[in-house]
Amino acid sequence: MMPAVETRSTPVPQGDTLFVAGEWRAAARAGERFDPSRPERSTGLFAAAAAADVEDAYAAAVAAAPAWAATPAPARAELLRRAADCLAARAEAAALRLTADMGKAIGDARAEVRRGAAILRYFAGELEQPIGETYASADPATALSTFEQPLGVACVITPWNFPVAIPLWKLAPAIGFGNTVVWKPAEAASGSAVLLAEVLADAGLPAGVLNLITGHGSELSAALTGAERLAAITFTGSGTVGTRLRQAVADRNVKVQLELGGKNPAIVLADADLADAALQVTRGAMLATGQRCTATSRVYVERPVADEFARLLADQVGRLVVGDPFDEATQVGPLASAEQAATVAEYFALARAEGARVIAGDLAATAEGCFAVPTVIADVAPDSRVVREEVFGPLLVLFVVDDLEDALGAANETDFGLSSAIFTRDLGKAMRFVRETQTGLVHVNRETAGVEPHVPFGGVKGSSSLSREQGKAARQFFTTTKTVYLRST
Ligand code: UN1
């Protein structure tokens, strides 16, 4: 049932450059990237930086920091708006590069690029908001106020699953609030990263404010975290790497913000609009090929409607168009890399070995390229690794529950706490869920995925450091507050 991928001609992203101190430079070594829908096809090289490149990037960021911090916020806002215009002007090239990088369906890639421009514009507007507060002092001769200042040099480490949106929702506030940056994107997103750095450079970013280091994270992490002047680190990716980063800076005063994944539940109560719930759960679980930390991976359905919901869900999942990500009709592209496909295949094999019942899809399909079949399973033990660990692929596990109490208990029985959803028309039950679900993001009658840039994003438990990103939370993270007692004599 796997799609055949036609020969096509797409732009070959080069990505074989680092951007340090306002100059593009080559690295001594290069890594190779592959088209995940046909992994035998190279899509170009990425520069594999060495530790010395990282040191140069930090030196440039340190040198650029004072002048950039002193640049008035409205001028920084103007620059973000110009970057949004540059990105919009290159939207199609950016979408094609994103899809070539990691196989996202081209329609979703275009939407992500539009979202990237919207994120830049949102943070430009944030820069025109108040930067402090005024208080009454106990001393009548004293004016008491606060104002925000940049932190200094920030390290931004981004994943491959949203090669445009996640970097921009970290870079726009980091730079916008007056910090300078060393940015290390995931290897598979290097082509998109080069394009984004070009966009920011074309918008007029002064040399050294943004420094792009591509390469192998494992080789560079000591240099990335070891820089003496590092003030903040923001990371989205795996829990293992996040913990390592946190430990690496634990004995220094470095602000840390981590987004580490999810195992997001959806609860479907008997009074829900079942057809709509099936559509939302399908979208949440399967779009982006399940490679979102906000993806739905567990669904808990009240017993009286369990069979009907499973039928509706199977119908929706069966309708998904899986195929060549460059094809306009495709909804679900391949997994992002051969490595990711191998990891997901292991979970499918495990579910099969444990005797899971297949409701939709196929646990045994052998895929060409990095494709996996969107699959829904049931009859899986709650302590199975398939239920406890983040699969990051199109695999959804269905459970039947007695009532909301039962569902909440099971949904919260996880190490993660990013996003959750409930489907019901009962306001009281929805409100109880909103209070008791142990996640940072909560959806009522909506899929668990999808985020808006102007509100805080993040989770609890193993999903996040407790700081948030996006919205006003980004301002809190990327600035420090100065409290001023001003007395006239
Ligand atoms: C979304 O749900 O559209 O890495 C974004 C991730 C999340 C972003 C999800 N940090 O998947």
# chains A, B, ... in the order shown; residues from 1 in each chain; ligands from 1

call {"tool": "select_by_dssp", "arguments": {"residues": "segment 261-386 of chain A", "states": "alpha helix (DSSP H)", "output": "PyMOL selection string"}}
result
chain A and resi 274-286+306-319+338-353+385-386

call {"tool": "residues_near_ligand", "arguments": {"ligand": "ligand 1", "cutoff": "7 Å", "atoms": "only C-alpha atoms and all ligand atoms", "output": "list in words"}}
result
Pro159, Asn161, Phe162, Ile166, Thr236, Gly237, Glu259, Gly261, Gln291, Arg292, Cys293, Thr294, Ala295, Ala449, Gly450 and Val451 of chain A

call {"tool": "residues_around", "arguments": {"residues": "Arg388 of chain A", "least_positions_apart": "5", "cutoff": "8 Å", "atoms": "only C-alpha atoms", "output": "PyMOL selection string"}}
result
chain A and resi 263+382-383+414-415

call {"tool": "residues_around", "arguments": {"residues": "Leu441 of chain A", "least_positions_apart": "4", "cutoff": "12 Å", "atoms": "only C-alpha atoms", "output": "number ranges by chain"}}
result
A: 262, 264-265, 293-295, 416-422, 433-435, 437, 446-452, 455-460, 463-464, 468

call {"tool": "closest_atom_pairs", "arguments": {"of": "segment 396-466 of chain A", "to": "segment 266-279 of chain A", "cutoff": "12 Å", "atoms": "only C-alpha atoms", "output": "Markdown table"}}
result
| residue | atom | partner | partner_atom | distance |
| --- | --- | --- | --- | --- |
| A:Leu396 | CA | A:Ala266 | CA | 10.4 |
| A:Val397 | CA | A:Ala266 | CA | 10.4 |
| A:Leu398 | CA | A:Ala266 | CA | 9.6 |
| A:Phe399 | CA | A:Ile267 | CA | 9.5 |
| A:Val400 | CA | A:Val268 | CA | 9.6 |
| A:Val401 | CA | A:Ile267 | CA | 9.2 |
| A:Asp402 | CA | A:Leu269 | CA | 9.6 |
| A:Asp403 | CA | A:Leu269 | CA | 7.6 |
| A:Leu404 | CA | A:Leu269 | CA | 7.3 |
| A:Glu405 | CA | A:Ile267 | CA | 10.9 |
| A:Asp406 | CA | A:Ile267 | CA | 10.3 |
| A:Ala407 | CA | A:Ile267 | CA | 6.7 |
| A:Leu408 | CA | A:Ile267 | CA | 8.1 |
| A:Gly409 | CA | A:Ile267 | CA | 11.1 |
| A:Ala410 | CA | A:Ile267 | CA | 10.0 |
| A:Ala411 | CA | A:Ala266 | CA | 7.9 |
| A:Asn412 | CA | A:Ala266 | CA | 10.9 |
| A:Ser419 | CA | A:Ala266 | CA | 9.0 |
| A:Ser420 | CA | A:Ala266 | CA | 5.7 |
| A:Ala421 | CA | A:Ala266 | CA | 4.5 |
| A:Ile422 | CA | A:Ile267 | CA | 4.6 |
| A:Phe423 | CA | A:Val268 | CA | 4.8 |
| A:Thr424 | CA | A:Ala272 | CA | 4.2 |
| A:Arg425 | CA | A:Ala272 | CA | 5.7 |
| A:Asp426 | CA | A:Asp271 | CA | 7.4 |
| A:Leu427 | CA | A:Asp271 | CA | 11.0 |
| A:Lys429 | CA | A:Leu269 | CA | 9.2 |
| A:Ala430 | CA | A:Leu269 | CA | 9.9 |
| A:Phe433 | CA | A:Ile267 | CA | 9.4 |
| A:Val434 | CA | A:Ile267 | CA | 11.8 |
| A:Thr437 | CA | A:Ala266 | CA | 10.6 |
| A:Thr439 | CA | A:Ala266 | CA | 11.7 |
| A:Val442 | CA | A:Ala266 | CA | 9.9 |
| A:His443 | CA | A:Ala266 | CA | 8.9 |
| A:Val444 | CA | A:Ala266 | CA | 9.5 |
| A:Asn445 | CA | A:Ala277 | CA | 7.0 |
| A:Arg446 | CA | A:Ala277 | CA | 7.8 |
| A:Glu447 | CA | A:Ala266 | CA | 7.9 |
| A:Thr448 | CA | A:Ala266 | CA | 7.3 |
| A:Ala449 | CA | A:Ala266 | CA | 10.9 |

call {"tool": "atom_distance", "arguments": {"atom1": "atom CA of Ala27 of chain A", "atom2": "atom CA of Ala248 of chain A"}}
result
25.3 Å

call {"tool": "closest_residue", "arguments": {"among": "A:Gly217, A:Gly103, A:Gly226, A:Gly191", "to": "Val332 of chain A", "atoms": "only C-alpha atoms"}}
result
A:Gly103

call {"tool": "residues_around", "arguments": {"residues": "Glu40 of chain A", "least_positions_apart": "3", "cutoff": "12 Å", "atoms": "only C-alpha atoms", "output": "ChimeraX atom specification"}}
result
/A:32-37,43-44,337-338,368-370

call {"tool": "write_last_selection", "arguments": {"atoms": "all heavy atoms", "output": "PDB file, in the first residue's frame"}}
result
ATOM      1  N   GLU A  32      26.127  14.926   4.590  1.00  0.00           N
ATOM      2  CA  GLU A  32      25.237  14.845   3.438  1.00  0.00           C
ATOM      3  C   GLU A  32      23.792  14.671   3.910  1.00  0.00           C
ATOM      4  O   GLU A  32      23.538  13.994   4.906  1.00  0.00           O
ATOM      5  CB  GLU A  32      25.637  13.658   2.553  1.00  0.00           C
ATOM      6  CG  GLU A  32      24.989  13.727   1.199  1.00  0.00           C
ATOM      7  CD  GLU A  32      25.721  12.886   0.169  1.00  0.00           C
ATOM      8  OE1 GLU A  32      26.534  12.046   0.566  1.00  0.00           O
ATOM      9  OE2 GLU A  32      25.453  13.073  -1.034  1.00  0.00           O
ATOM     10  N   ARG A  33      22.865  15.308   3.203  1.00  0.00           N
ATOM     11  CA  ARG A  33      21.449  15.157   3.528  1.00  0.00           C
ATOM     12  C   ARG A  33      20.762  14.370   2.424  1.00  0.00           C
ATOM     13  O   ARG A  33      21.197  14.390   1.272  1.00  0.00           O
ATOM     14  CB  ARG A  33      20.805  16.537   3.698  1.00  0.00           C
ATOM     15  CG  ARG A  33      21.335  17.236   4.929  1.00  0.00           C
ATOM     16  CD  ARG A  33      20.792  18.632   5.088  1.00  0.00           C
ATOM     17  NE  ARG A  33      21.256  19.479   4.012  1.00  0.00           N
ATOM     18  CZ  ARG A  33      20.465  20.009   3.078  1.00  0.00           C
ATOM     19  NH1 ARG A  33      19.176  19.761   3.108  1.00  0.00           N
ATOM     20  NH2 ARG A  33      20.953  20.768   2.146  1.00  0.00           N
ATOM     21  N   PHE A  34      19.676  13.657   2.803  1.00  0.00           N
ATOM     22  CA  PHE A  34      18.993  12.783   1.854  1.00  0.00           C
ATOM     23  C   PHE A  34      17.511  13.102   1.822  1.00  0.00           C
ATOM     24  O   PHE A  34      16.922  13.457   2.835  1.00  0.00           O
ATOM     25  CB  PHE A  34      19.218  11.313   2.244  1.00  0.00           C
ATOM     26  CG  PHE A  34      20.674  10.939   2.207  1.00  0.00           C
ATOM     27  CD1 PHE A  34      21.462  11.057   3.342  1.00  0.00           C
ATOM     28  CD2 PHE A  34      21.261  10.537   1.020  1.00  0.00           C
ATOM     29  CE1 PHE A  34      22.820  10.755   3.303  1.00  0.00           C
ATOM     30  CE2 PHE A  34      22.620  10.235   0.965  1.00  0.00           C
ATOM     31  CZ  PHE A  34      23.398  10.335   2.106  1.00  0.00           C
ATOM     32  N   ASP A  35      16.919  12.953   0.643  1.00  0.00           N
ATOM     33  CA  ASP A  35      15.479  13.138   0.481  1.00  0.00           C
ATOM     34  C   ASP A  35      14.778  11.977   1.176  1.00  0.00           C
ATOM     35  O   ASP A  35      14.940  10.826   0.774  1.00  0.00           O
ATOM     36  CB  ASP A  35      15.187  13.134  -1.027  1.00  0.00           C
ATOM     37  CG  ASP A  35      13.714  13.250  -1.342  1.00  0.00           C
ATOM     38  OD1 ASP A  35      12.890  13.031  -0.433  1.00  0.00           O
ATOM     39  OD2 ASP A  35      13.400  13.544  -2.507  1.00  0.00           O
ATOM     40  N   PRO A  36      14.012  12.219   2.239  1.00  0.00           N
ATOM     41  CA  PRO A  36      13.437  11.094   2.975  1.00  0.00           C
ATOM     42  C   PRO A  36      12.405  10.299   2.170  1.00  0.00           C
ATOM     43  O   PRO A  36      12.147   9.136   2.491  1.00  0.00           O
ATOM     44  CB  PRO A  36      12.797  11.740   4.204  1.00  0.00           C
ATOM     45  CG  PRO A  36      12.689  13.182   3.901  1.00  0.00           C
ATOM     46  CD  PRO A  36      13.717  13.509   2.864  1.00  0.00           C
ATOM     47  N   SER A  37      11.820  10.899   1.116  1.00  0.00           N
ATOM     48  CA  SER A  37      10.872  10.099   0.335  1.00  0.00           C
ATOM     49  C   SER A  37      11.604   9.176  -0.628  1.00  0.00           C
ATOM     50  O   SER A  37      11.027   8.232  -1.150  1.00  0.00           O
ATOM     51  CB  SER A  37       9.872  10.992  -0.393  1.00  0.00           C
ATOM     52  OG  SER A  37      10.525  11.895  -1.251  1.00  0.00           O
ATOM     53  N   THR A  43      20.230  15.322  -1.191  1.00  0.00           N
ATOM     54  CA  THR A  43      19.701  16.669  -1.450  1.00  0.00           C
ATOM     55  C   THR A  43      20.753  17.723  -1.163  1.00  0.00           C
ATOM     56  O   THR A  43      20.444  18.898  -1.051  1.00  0.00           O
ATOM     57  CB  THR A  43      18.437  16.952  -0.612  1.00  0.00           C
ATOM     58  OG1 THR A  43      18.739  16.702   0.754  1.00  0.00           O
ATOM     59  CG2 THR A  43      17.273  16.106  -1.043  1.00  0.00           C
ATOM     60  N   GLY A  44      21.973  17.311  -1.021  1.00  0.00           N
ATOM     61  CA  GLY A  44      23.032  18.293  -0.869  1.00  0.00           C
ATOM     62  C   GLY A  44      23.829  18.101   0.404  1.00  0.00           C
ATOM     63  O   GLY A  44      23.614  17.149   1.152  1.00  0.00           O
ATOM     64  N   SER A 337      13.711  10.922   8.191  1.00  0.00           N
ATOM     65  CA  SER A 337      15.027  10.376   7.843  1.00  0.00           C
ATOM     66  C   SER A 337      14.987   8.860   7.999  1.00  0.00           C
ATOM     67  O   SER A 337      14.086   8.312   8.654  1.00  0.00           O
ATOM     68  CB  SER A 337      16.095  10.941   8.784  1.00  0.00           C
ATOM     69  OG  SER A 337      15.802  10.543  10.116  1.00  0.00           O
ATOM     70  N   ALA A 338      16.010   8.211   7.455  1.00  0.00           N
ATOM     71  CA  ALA A 338      16.087   6.747   7.581  1.00  0.00           C
ATOM     72  C   ALA A 338      16.194   6.366   9.060  1.00  0.00           C
ATOM     73  O   ALA A 338      15.613   5.370   9.512  1.00  0.00           O
ATOM     74  CB  ALA A 338      17.286   6.237   6.804  1.00  0.00           C
ATOM     75  N   GLU A 368       8.682   1.528   1.295  1.00  0.00           N
ATOM     76  CA  GLU A 368       9.761   2.070   0.466  1.00  0.00           C
ATOM     77  C   GLU A 368      10.154   3.401   1.073  1.00  0.00           C
ATOM     78  O   GLU A 368       9.298   4.129   1.585  1.00  0.00           O
ATOM     79  CB  GLU A 368       9.234   2.331  -0.945  1.00  0.00           C
ATOM     80  CG  GLU A 368       8.846   1.089  -1.712  1.00  0.00           C
ATOM     81  CD  GLU A 368      10.060   0.255  -2.060  1.00  0.00           C
ATOM     82  OE1 GLU A 368      11.051   0.845  -2.529  1.00  0.00           O
ATOM     83  OE2 GLU A 368      10.017  -0.958  -1.820  1.00  0.00           O
ATOM     84  N   GLY A 369      11.382   3.773   0.960  1.00  0.00           N
ATOM     85  CA  GLY A 369      11.783   5.064   1.508  1.00  0.00           C
ATOM     86  C   GLY A 369      11.530   5.089   2.999  1.00  0.00           C
ATOM     87  O   GLY A 369      11.604   4.079   3.683  1.00  0.00           O
ATOM     88  N   CYS A 370      11.168   6.235   3.502  1.00  0.00           N
ATOM     89  CA  CYS A 370      10.973   6.362   4.951  1.00  0.00           C
ATOM     90  C   CYS A 370       9.504   6.411   5.313  1.00  0.00           C
ATOM     91  O   CYS A 370       9.144   6.974   6.346  1.00  0.00           O
ATOM     92  CB  CYS A 370      11.692   7.607   5.443  1.00  0.00           C
ATOM     93  SG  CYS A 370      13.452   7.611   5.084  1.00  0.00           S
TER      94      CYS A 370
END

call {"tool": "atom_distance", "arguments": {"atom1": "atom CA of Ala75 of chain A", "atom2": "atom CA of Ala203 of chain A"}}
result
11.8 Å

call {"tool": "residues_around", "arguments": {"residues": "segment 139-155 of chain A", "least_positions_apart": "4", "cutoff": "6 Å", "atoms": "only C-alpha atoms", "output": "count of residues only"}}
result
25

call {"tool": "closest_residue", "arguments": {"among": "A:Ala89, A:Ala77, A:Leu171, A:Ala356", "to": "Gln129 of chain A", "atoms": "only C-alpha atoms"}}
result
A:Ala77

call {"tool": "closest_residue", "arguments": {"among": "A:Glu413, A:Glu23, A:Asp53, A:Glu389", "to": "Ala223 of chain A", "atoms": "only C-alpha atoms"}}
result
A:Asp53

call {"tool": "residues_around", "arguments": {"residues": "Leu313 of chain A", "least_positions_apart": "3", "cutoff": "10 Å", "atoms": "only C-alpha atoms", "output": "ChimeraX atom specification"}}
result
/A:274-282,307-310,316-319,359-360,376

call {"tool": "write_last_selection", "arguments": {"atoms": "C-alpha atoms", "output": "PDB file, in the first residue's frame"}}
result
ATOM      1  CA  LEU A 274     -18.171  11.682  17.311  1.00  0.00           C
ATOM      2  CA  ALA A 275     -17.628  12.404  13.612  1.00  0.00           C
ATOM      3  CA  ASP A 276     -15.904  15.683  14.407  1.00  0.00           C
ATOM      4  CA  ALA A 277     -13.878  14.058  17.203  1.00  0.00           C
ATOM      5  CA  ALA A 278     -12.696  11.330  14.812  1.00  0.00           C
ATOM      6  CA  LEU A 279     -11.556  13.957  12.320  1.00  0.00           C
ATOM      7  CA  GLN A 280      -9.759  16.036  14.961  1.00  0.00           C
ATOM      8  CA  VAL A 281      -8.057  13.021  16.544  1.00  0.00           C
ATOM      9  CA  THR A 282      -6.943  11.791  13.105  1.00  0.00           C
ATOM     10  CA  ASP A 307     -17.128   0.788  18.681  1.00  0.00           C
ATOM     11  CA  GLU A 308     -18.769   3.587  16.763  1.00  0.00           C
ATOM     12  CA  PHE A 309     -15.839   5.943  17.395  1.00  0.00           C
ATOM     13  CA  ALA A 310     -13.322   3.281  16.344  1.00  0.00           C
ATOM     14  CA  GLN A 316     -10.862   9.026   8.672  1.00  0.00           C
ATOM     15  CA  VAL A 317      -7.405   7.469   8.974  1.00  0.00           C
ATOM     16  CA  GLY A 318      -8.070   5.355   5.873  1.00  0.00           C
ATOM     17  CA  ARG A 319      -8.843   8.483   3.847  1.00  0.00           C
ATOM     18  CA  ILE A 359      -8.108  -0.728  13.966  1.00  0.00           C
ATOM     19  CA  ALA A 360      -6.721   1.172  10.996  1.00  0.00           C
ATOM     20  CA  VAL A 376      -4.417   2.920  15.051  1.00  0.00           C
TER      21      VAL A 376
END

call {"tool": "closest_residue", "arguments": {"among": "A:Phe326, A:Phe477, A:Phe392, A:Phe371", "to": "Arg110 of chain A", "atoms": "only C-alpha atoms"}}
result
A:Phe326

call {"tool": "atom_distance", "arguments": {"atom1": "atom CA of Ala64 of chain A", "atom2": "atom CA of Val209 of chain A"}}
result
5.8 Å
